[in-house]
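Engineer: The following file, start36.txt, comprises compact mmCIF, C-alpha atoms and all ligand atoms:
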```txt
# COMPACT_ATOMS: atom_id res chain seq x y z
CA MET A 23 107.72 115.33 98.49
CA ARG A 24 110.22 113.98 101.01
CA LYS A 25 110.12 115.46 104.52
CA LYS A 26 112.63 118.29 104.95
CA ILE A 27 114.26 118.30 108.36
CA ILE A 28 116.48 120.70 110.24
CA ALA A 29 117.84 118.93 113.31
CA GLY A 30 120.04 120.20 116.13
CA ASN A 31 122.29 117.77 117.98
CA TRP A 32 123.30 119.55 121.16
CA LYS A 33 125.70 116.75 122.13
CA MET A 34 127.09 117.14 125.71
CA ASN A 35 126.67 120.91 125.89
CA LEU A 36 124.66 123.47 127.91
CA ASN A 37 123.53 123.50 131.51
CA TYR A 38 119.85 123.22 132.40
CA ALA A 39 119.06 126.96 132.32
CA GLU A 40 120.94 127.39 129.02
CA ALA A 41 119.12 124.45 127.47
CA LEU A 42 115.68 125.82 128.41
CA SER A 43 116.60 129.27 127.21
CA LEU A 44 117.82 127.89 123.86
CA VAL A 45 114.65 125.92 123.23
CA ASP A 46 112.43 128.86 124.24
CA THR A 47 114.28 131.21 121.90
CA ILE A 48 114.08 128.77 119.00
CA VAL A 49 110.33 128.29 119.54
CA ASP A 50 109.84 132.09 119.69
CA GLN A 51 111.75 132.64 116.47
CA MET A 52 110.08 129.83 114.50
CA GLU A 53 107.13 130.68 112.31
CA ASP A 54 104.02 128.56 112.89
CA ASP A 55 103.47 127.67 109.27
CA GLY A 56 106.99 126.78 108.11
CA LEU A 57 107.44 123.95 105.65
CA ALA A 58 110.34 122.12 107.27
CA GLU A 59 110.26 119.88 110.32
CA VAL A 60 112.48 120.77 113.25
CA VAL A 61 114.11 118.25 115.56
CA LEU A 62 116.09 119.12 118.68
CA ALA A 63 118.28 116.56 120.45
CA PRO A 64 119.18 117.78 123.95
CA PRO A 65 121.06 115.67 126.52
CA PHE A 66 118.94 112.95 128.18
CA ILE A 67 118.56 114.76 131.48
CA TYR A 68 116.69 117.70 129.90
CA LEU A 69 114.43 115.68 127.61
CA ARG A 70 111.29 115.56 129.71
CA ASP A 71 111.25 119.26 130.51
CA ILE A 72 112.02 120.21 126.93
CA VAL A 73 109.27 117.95 125.59
CA SER A 74 106.77 119.77 127.81
CA ARG A 75 108.20 123.13 126.69
CA VAL A 76 107.47 122.44 123.00
CA GLN A 77 104.07 120.82 123.40
CA GLY A 78 101.64 122.42 120.99
CA SER A 79 104.26 123.00 118.33
CA THR A 80 103.16 120.84 115.42
CA ARG A 81 106.44 120.73 113.56
CA LEU A 82 109.00 120.55 116.34
CA SER A 83 109.89 117.21 117.84
CA ILE A 84 112.40 116.16 120.42
CA ALA A 85 115.04 113.50 119.88
CA ALA A 86 117.32 111.58 122.20
CA GLN A 87 120.97 111.33 121.20
CA ASN A 88 121.11 107.58 121.86
CA CYS A 89 119.23 104.69 123.44
CA SER A 90 120.07 101.24 124.73
CA GLN A 91 120.08 98.16 122.52
CA PHE A 92 118.33 96.31 125.37
CA LYS A 93 114.64 96.45 126.23
CA ASN A 94 115.11 96.81 130.00
CA GLY A 95 116.88 95.24 132.97
CA ALA A 96 120.31 95.30 134.55
CA HIS A 97 122.10 97.83 132.34
CA THR A 98 123.32 100.52 134.71
CA GLY A 99 123.40 103.99 133.22
CA GLU A 100 121.45 103.07 130.09
CA VAL A 101 118.16 104.54 128.84
CA SER A 102 115.66 102.39 126.94
CA SER A 103 113.54 103.32 123.95
CA SER A 104 110.37 102.66 125.96
CA MET A 105 111.53 105.15 128.63
CA LEU A 106 112.08 107.74 125.91
CA SER A 107 108.69 107.08 124.43
CA SER A 108 107.06 107.36 127.87
CA VAL A 109 108.27 110.96 128.29
CA GLY A 110 107.15 112.08 124.84
CA VAL A 111 110.39 111.80 122.86
CA GLU A 112 109.64 111.15 119.19
CA CYS A 113 113.02 110.50 117.52
CA VAL A 114 116.36 108.94 118.43
CA ILE A 115 119.74 109.66 116.87
CA VAL A 116 121.51 106.36 116.41
CA GLY A 117 125.00 105.54 115.18
CA HIS A 118 126.55 108.95 115.61
CA SER A 119 130.26 108.69 114.80
CA GLU A 120 131.19 110.01 118.24
CA ARG A 121 129.40 107.05 119.80
CA ARG A 122 130.78 104.62 117.24
CA ALA A 123 134.29 105.83 118.16
CA GLU A 124 134.02 106.51 121.91
CA GLN A 125 131.58 103.75 122.89
CA ASN A 126 132.67 101.19 120.29
CA GLU A 127 129.19 100.96 118.83
CA SER A 128 129.37 98.44 115.99
CA ASN A 129 127.00 98.09 113.05
CA GLU A 130 125.56 95.00 114.80
CA ILE A 131 124.83 96.92 118.03
CA LEU A 132 123.25 99.73 116.01
CA LYS A 133 121.01 97.20 114.29
CA LEU A 134 119.64 96.19 117.72
CA LYS A 135 119.16 99.84 118.68
CA ILE A 136 117.21 100.47 115.47
CA ASP A 137 114.93 97.54 116.35
CA ARG A 138 114.35 98.87 119.89
CA ILE A 139 113.55 102.34 118.52
CA LEU A 140 111.08 101.05 115.93
CA GLU A 141 109.37 98.79 118.49
CA GLN A 142 108.36 101.97 120.28
CA PHE A 143 107.23 103.65 117.04
CA LEU A 144 109.95 106.27 117.42
CA ILE A 145 111.83 107.64 114.42
CA PRO A 146 115.47 106.60 114.11
CA VAL A 147 117.83 109.21 112.70
CA PHE A 148 120.51 106.80 111.51
CA CYS A 149 123.96 108.35 111.09
CA CYS A 150 126.50 106.96 108.67
CA GLY A 151 129.78 108.35 107.45
CA GLU A 152 133.39 107.58 106.65
CA THR A 153 136.57 108.67 108.43
CA ALA A 154 139.25 110.87 106.82
CA GLU A 155 141.41 107.79 106.33
CA GLU A 156 138.59 105.91 104.58
CA ARG A 157 137.92 108.88 102.30
CA LYS A 158 141.65 109.12 101.53
CA ASN A 159 142.00 105.47 100.59
CA GLY A 160 138.84 105.57 98.48
CA SER A 161 136.79 103.13 100.56
CA HIS A 162 134.12 105.67 101.58
CA SER A 163 131.31 104.25 99.40
CA GLU A 164 132.05 100.72 100.57
CA ILE A 165 132.01 101.85 104.23
CA ILE A 166 128.63 103.55 103.86
CA ASN A 167 127.20 100.52 102.05
CA ARG A 168 128.37 98.28 104.88
CA GLN A 169 126.91 100.58 107.56
CA LEU A 170 123.54 100.56 105.76
CA GLU A 171 123.58 96.83 105.06
CA GLN A 172 124.56 95.74 108.55
CA SER A 173 122.36 98.10 110.56
CA LEU A 174 119.35 98.95 108.40
CA PHE A 175 118.74 96.52 105.57
CA HIS A 176 117.18 93.83 107.80
CA LEU A 177 114.14 96.14 108.10
CA ASN A 178 111.04 95.63 106.02
CA GLU A 179 109.95 98.31 103.59
CA ALA A 180 107.53 100.04 105.96
CA GLN A 181 110.10 100.09 108.76
CA LEU A 182 112.80 101.53 106.53
CA LEU A 183 110.40 104.19 105.33
CA SER A 184 110.01 105.41 108.90
CA CYS A 185 113.77 106.06 109.24
CA VAL A 186 115.68 109.25 108.52
CA ILE A 187 119.28 108.84 107.35
CA ALA A 188 122.00 111.36 108.19
CA TYR A 189 125.17 111.31 106.10
CA GLU A 190 127.88 112.68 108.38
CA PRO A 191 131.45 112.30 107.13
CA VAL A 192 133.51 112.01 110.31
CA TRP A 193 136.21 114.35 108.98
CA ALA A 194 133.66 117.13 108.53
CA ILE A 195 132.22 116.98 112.06
CA GLY A 196 133.26 119.86 114.28
CA THR A 197 136.15 120.77 112.00
CA GLY A 198 134.67 123.78 110.21
CA LYS A 199 135.47 121.91 106.98
CA ASN A 200 132.22 120.73 105.44
CA ALA A 201 132.17 118.20 102.61
CA SER A 202 131.91 119.83 99.20
CA ILE A 203 128.54 120.08 97.52
CA ASP A 204 129.65 117.47 94.96
CA GLN A 205 130.79 115.04 97.65
CA ILE A 206 127.52 115.49 99.55
CA GLN A 207 125.33 115.02 96.47
CA GLU A 208 127.33 111.97 95.37
CA MET A 209 127.00 110.24 98.75
CA HIS A 210 123.31 111.06 99.23
CA SER A 211 122.56 109.75 95.77
CA LEU A 212 124.62 106.62 96.49
CA ILE A 213 122.63 105.98 99.69
CA ARG A 214 119.37 106.30 97.75
CA LYS A 215 120.64 103.94 95.05
CA GLN A 216 121.72 101.37 97.62
CA ILE A 217 118.25 101.44 99.19
CA ASN A 218 116.62 101.06 95.77
CA HIS A 219 118.95 98.16 95.02
CA HIS A 220 117.88 96.28 98.17
CA TYR A 221 114.19 97.14 98.22
CA LYS A 222 111.38 97.25 95.69
CA ASN A 223 109.36 100.24 94.55
CA ASN A 224 112.26 102.73 94.54
CA ILE A 225 111.52 103.53 98.17
CA GLY A 226 114.88 105.29 98.41
CA GLU A 227 113.20 108.21 96.67
CA ASN A 228 110.88 108.62 99.68
CA ILE A 229 113.43 108.54 102.50
CA SER A 230 114.75 111.80 103.89
CA ILE A 231 118.55 111.97 103.83
CA ILE A 232 120.05 114.86 105.73
CA TYR A 233 123.66 116.07 105.83
CA GLY A 234 125.76 116.73 108.93
CA GLY A 235 129.30 118.06 109.32
CA SER A 236 130.15 121.74 109.92
CA VAL A 237 126.84 123.04 108.60
CA SER A 238 126.73 126.79 109.25
CA VAL A 239 124.93 129.94 108.16
CA SER A 240 127.60 130.43 105.52
CA ASN A 241 127.26 127.07 103.75
CA ALA A 242 123.70 125.87 104.47
CA GLU A 243 122.07 127.51 101.47
CA GLU A 244 124.47 125.87 99.04
CA ILE A 245 124.20 122.47 100.74
CA PHE A 246 120.38 122.62 100.58
CA SER A 247 120.52 123.25 96.85
CA ALA A 248 121.75 119.69 96.23
CA PRO A 249 118.78 117.67 94.93
CA ASP A 250 119.32 114.70 97.26
CA VAL A 251 119.79 116.76 100.42
CA ASP A 252 116.66 116.87 102.58
CA GLY A 253 117.99 118.94 105.44
CA ALA A 254 120.75 119.06 108.01
CA LEU A 255 121.90 117.55 111.28
CA ILE A 256 123.65 120.45 112.95
CA GLY A 257 126.06 120.33 115.89
CA GLY A 258 127.91 123.53 116.83
CA ALA A 259 125.61 125.95 115.00
CA SER A 260 122.54 124.44 116.69
CA LEU A 261 123.71 125.82 120.02
CA LYS A 262 123.13 129.39 118.84
CA ALA A 263 119.43 130.12 118.40
CA ALA A 264 120.08 132.85 115.82
CA ASP A 265 122.23 130.59 113.62
CA PHE A 266 119.92 127.59 113.93
CA THR A 267 116.80 129.55 113.04
CA LEU A 268 118.57 131.31 110.18
CA ILE A 269 119.55 127.93 108.71
CA LEU A 270 115.93 126.82 109.15
CA LYS A 271 114.76 129.92 107.29
CA MET A 272 117.19 129.17 104.45
CA MET A 273 115.64 125.73 104.03
CA GLU A 274 112.14 127.20 104.13
CA LYS A 275 112.99 129.89 101.60
CA MET A 276 114.27 127.23 99.26
CA LEU A 277 111.13 125.09 99.79
CA SER A 278 108.77 127.97 99.08
CA SER A 279 110.72 128.91 95.94
CA ARG A 280 110.38 125.31 94.70
CA MET A 281 106.62 125.44 95.20
CA VAL A 282 106.00 128.46 92.94
P1 LIG B 301 129.01 120.02 113.69
O1 LIG B 301 127.86 120.70 113.02
O2 LIG B 301 129.46 120.68 114.96
O3 LIG B 301 130.11 119.73 112.73
O4 LIG B 301 128.46 118.58 114.20
C1 LIG B 301 127.77 117.80 113.30
C2 LIG B 301 127.22 116.63 114.01
O5 LIG B 301 127.95 115.80 114.51
C3 LIG B 301 125.75 116.54 114.14
O6 LIG B 301 125.37 115.29 114.64
```
Take the structure from the file and write it as structure tokens.
Structural biologist:
Amino acid sequence: MRKKIIAGNWKMNLNYAEALSLVDTIVDQMEDDGLAEVVLAPPFIYLRDIVSRVQGSTRLSIAAQNCSQFKNGAHTGEVSSSMLSSVGVECVIVGHSERRAEQNESNEILKLKIDRILEQFLIPVFCCGETAEERKNGSHSEIINRQLEQSLFHLNEAQLLSCVIAYEPVWAIGTGKNASIDQIQEMHSLIRKQINHHYKNNIGENISIIYGGSVSVSNAEEIFSAPDVDGALIGGASLKAADFTLILKMMEKMLSSRMV
């Protein structure tokens, strides 16, 4: 079975005390033997302390929200994948639409970032998604294909298998307007098919594809019912411990019902 993942992207929110309190509450409310993996992506400056806070939790890992495309050197303000690895970070979100838009991150730059992340044996959570305009003019599938081809499909089979893909339609992020269940299923299935088209052995069936874009306690259960959805990348609702852990419980309930 593919890994099921509930991930929280805290973006540029919370001060230090709030960040520690959020992680402590989430850890307290999580059951030890849950079936889904949990990933939290706090801002860089809190990573080291939060990593030490969750040590001992077997199914909670900490992600960075970005890393540099360079290995090291004169890149003021940047953080390298080896630095992240050295403080115990295990995953890195890469290609978030906010960074694509605000920092002009191209598919080519993201390809380099993926390479840096994999060199350190970290797990990339690769975000792809179309804008409202691209959805309106019907080019959404083409856009996703291009994002996958130009940033991921240079990887060998084993490398691709260590990635997680997040489908995040830009128009659904932070808007309270999630993509419909049919749109989500269609795009997740398309991503899997594209992977299977480029690689042998149907490896697309083994890669976790999670959905992001206005996931909340009121829509998570329905979203998780789609066969190609392996979890969620949550923004706003991940800042409230009660909402985040409730969404996690919804995924776990669904997983245990599938096992009986
Ligand atoms: P929201 O859940 O706030 O829409 O954000 C989604 C997101 O961008 C996660 O990376």
Engineer: For ligand LIG 301 (chain B), list the contacting residues at 7 Å or closer, counting all atoms listed in the file, as JSON, numbers by chain.
Structural biologist: {"A": [31, 118, 190, 194, 195, 196, 197, 198, 234, 235, 236, 237, 255, 256, 257, 258, 259]}
Engineer: Which of these, A:Val61, A:Ile245, A:Ile131, A:Ala264, has the shortest distance to A:Cys113 once you count only C-alpha atoms?
Structural biologist: A:Val61
Engineer: Residues proximal to (105.4, 124.1, 109.5) were defined as those with any atom within 6 Å of that point in the file's coordinates, counting only C-alpha atoms. Which are they, as an MDAnalysis selection string?
Structural biologist: chainID A and resid 54:58 81
Engineer: Could you tell me which of A:Ser90, A:Ser211, A:Ser128, A:Ser103 comes closest to A:Asp250 if we count all atoms listed in the file?
Structural biologist: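 When distances to A:Asp250 are compared using all atoms listed in the file, the smallest one comes from A:Ser211.
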Engineer: Using all atoms listed in the file, pick whichever of A:Ser238, A:Glu130, A:Tyr189, A:Val60 has the shortest atom-to-atom distance to A:Lys26.
Structural biologist: A:Val60
Engineer: What is the atom CA of A:Cys89 to atom CA of A:Tyr68 distance in Å?
Structural biologist: 14.7 Å
Engineer: Box for stretch 229-232 of chain A: with edges along x, y and z, all listed atoms inside and 8 Å added on each side, what are the centre and edge lengths in Å to one decimal, as lines of an AutoDock Vina configuration file?
Structural biologist:
```
center_x = 116.7
center_y = 111.7
center_z = 104.1
size_x = 22.6
size_y = 22.3
size_z = 19.2
```
Engineer: Which residue out of A:Ser163, A:Thr98, A:Gln181, A:Gln51 has the minimum interatomic distance to A:Ile269 when all atoms listed in the file are used?
Structural biologist: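 Between A:Ser163, A:Thr98, A:Gln181, A:Gln51, the residue approaching A:Ile269 most closely is A:Gln51.
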Engineer: Would you please work out which residue, of A:His220, A:Lys215, A:Arg122, A:Lys93, is nearest to A:Leu134 when using all atoms listed in the file?
Structural biologist: A:Lys93
Engineer: Scan for residues within 7 Å of the point (126.3, 103.8, 105.5) in the coordinates of the file, using all atoms listed in the file, and reply as a VMD selection string.
Structural biologist: chain A and resid 150 to 151 165 to 170
Engineer: Select, from A:Asn178, A:Ser107, A:Asn126, A:Gln87, the residue with the minimum atom-to-atom distance to A:Leu144, counting only C-alpha atoms.
Structural biologist: A:Ser107
Engineer: Please report the interatomic distance between atom CA of A:Thr80 and atom CA of A:Val45 in Å with one decimal.
Structural biologist: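 Interatomic distance, atom CA of A:Thr80 to atom CA of A:Val45: 14.8 Å.
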Engineer: Which residues are close to A:Ile139, i.e. within 12 Å by all atoms listed in the file, leaving aside same-chain residues fewer than 2 positions away? Reply as an NGL selection string.
Structural biologist: :A and (85-93 or 101-107 or 111-116 or 132-137 or 141-148 or 181 or 184-185)
Engineer: So what do you get for atom CA of A:Asp71 versus atom CA of A:Trp32, distance-wise?
Structural biologist: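 If I compute the distance from atom CA of A:Asp71 to atom CA of A:Trp32, I get 15.3 Å.
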Engineer: Write out as number ranges by chain the residues lying within 7 Å of A:Lys33, counting all atoms listed in the file and excluding same-chain residues fewer than 2 positions away.
Structural biologist: A: 31, 35, 64-65
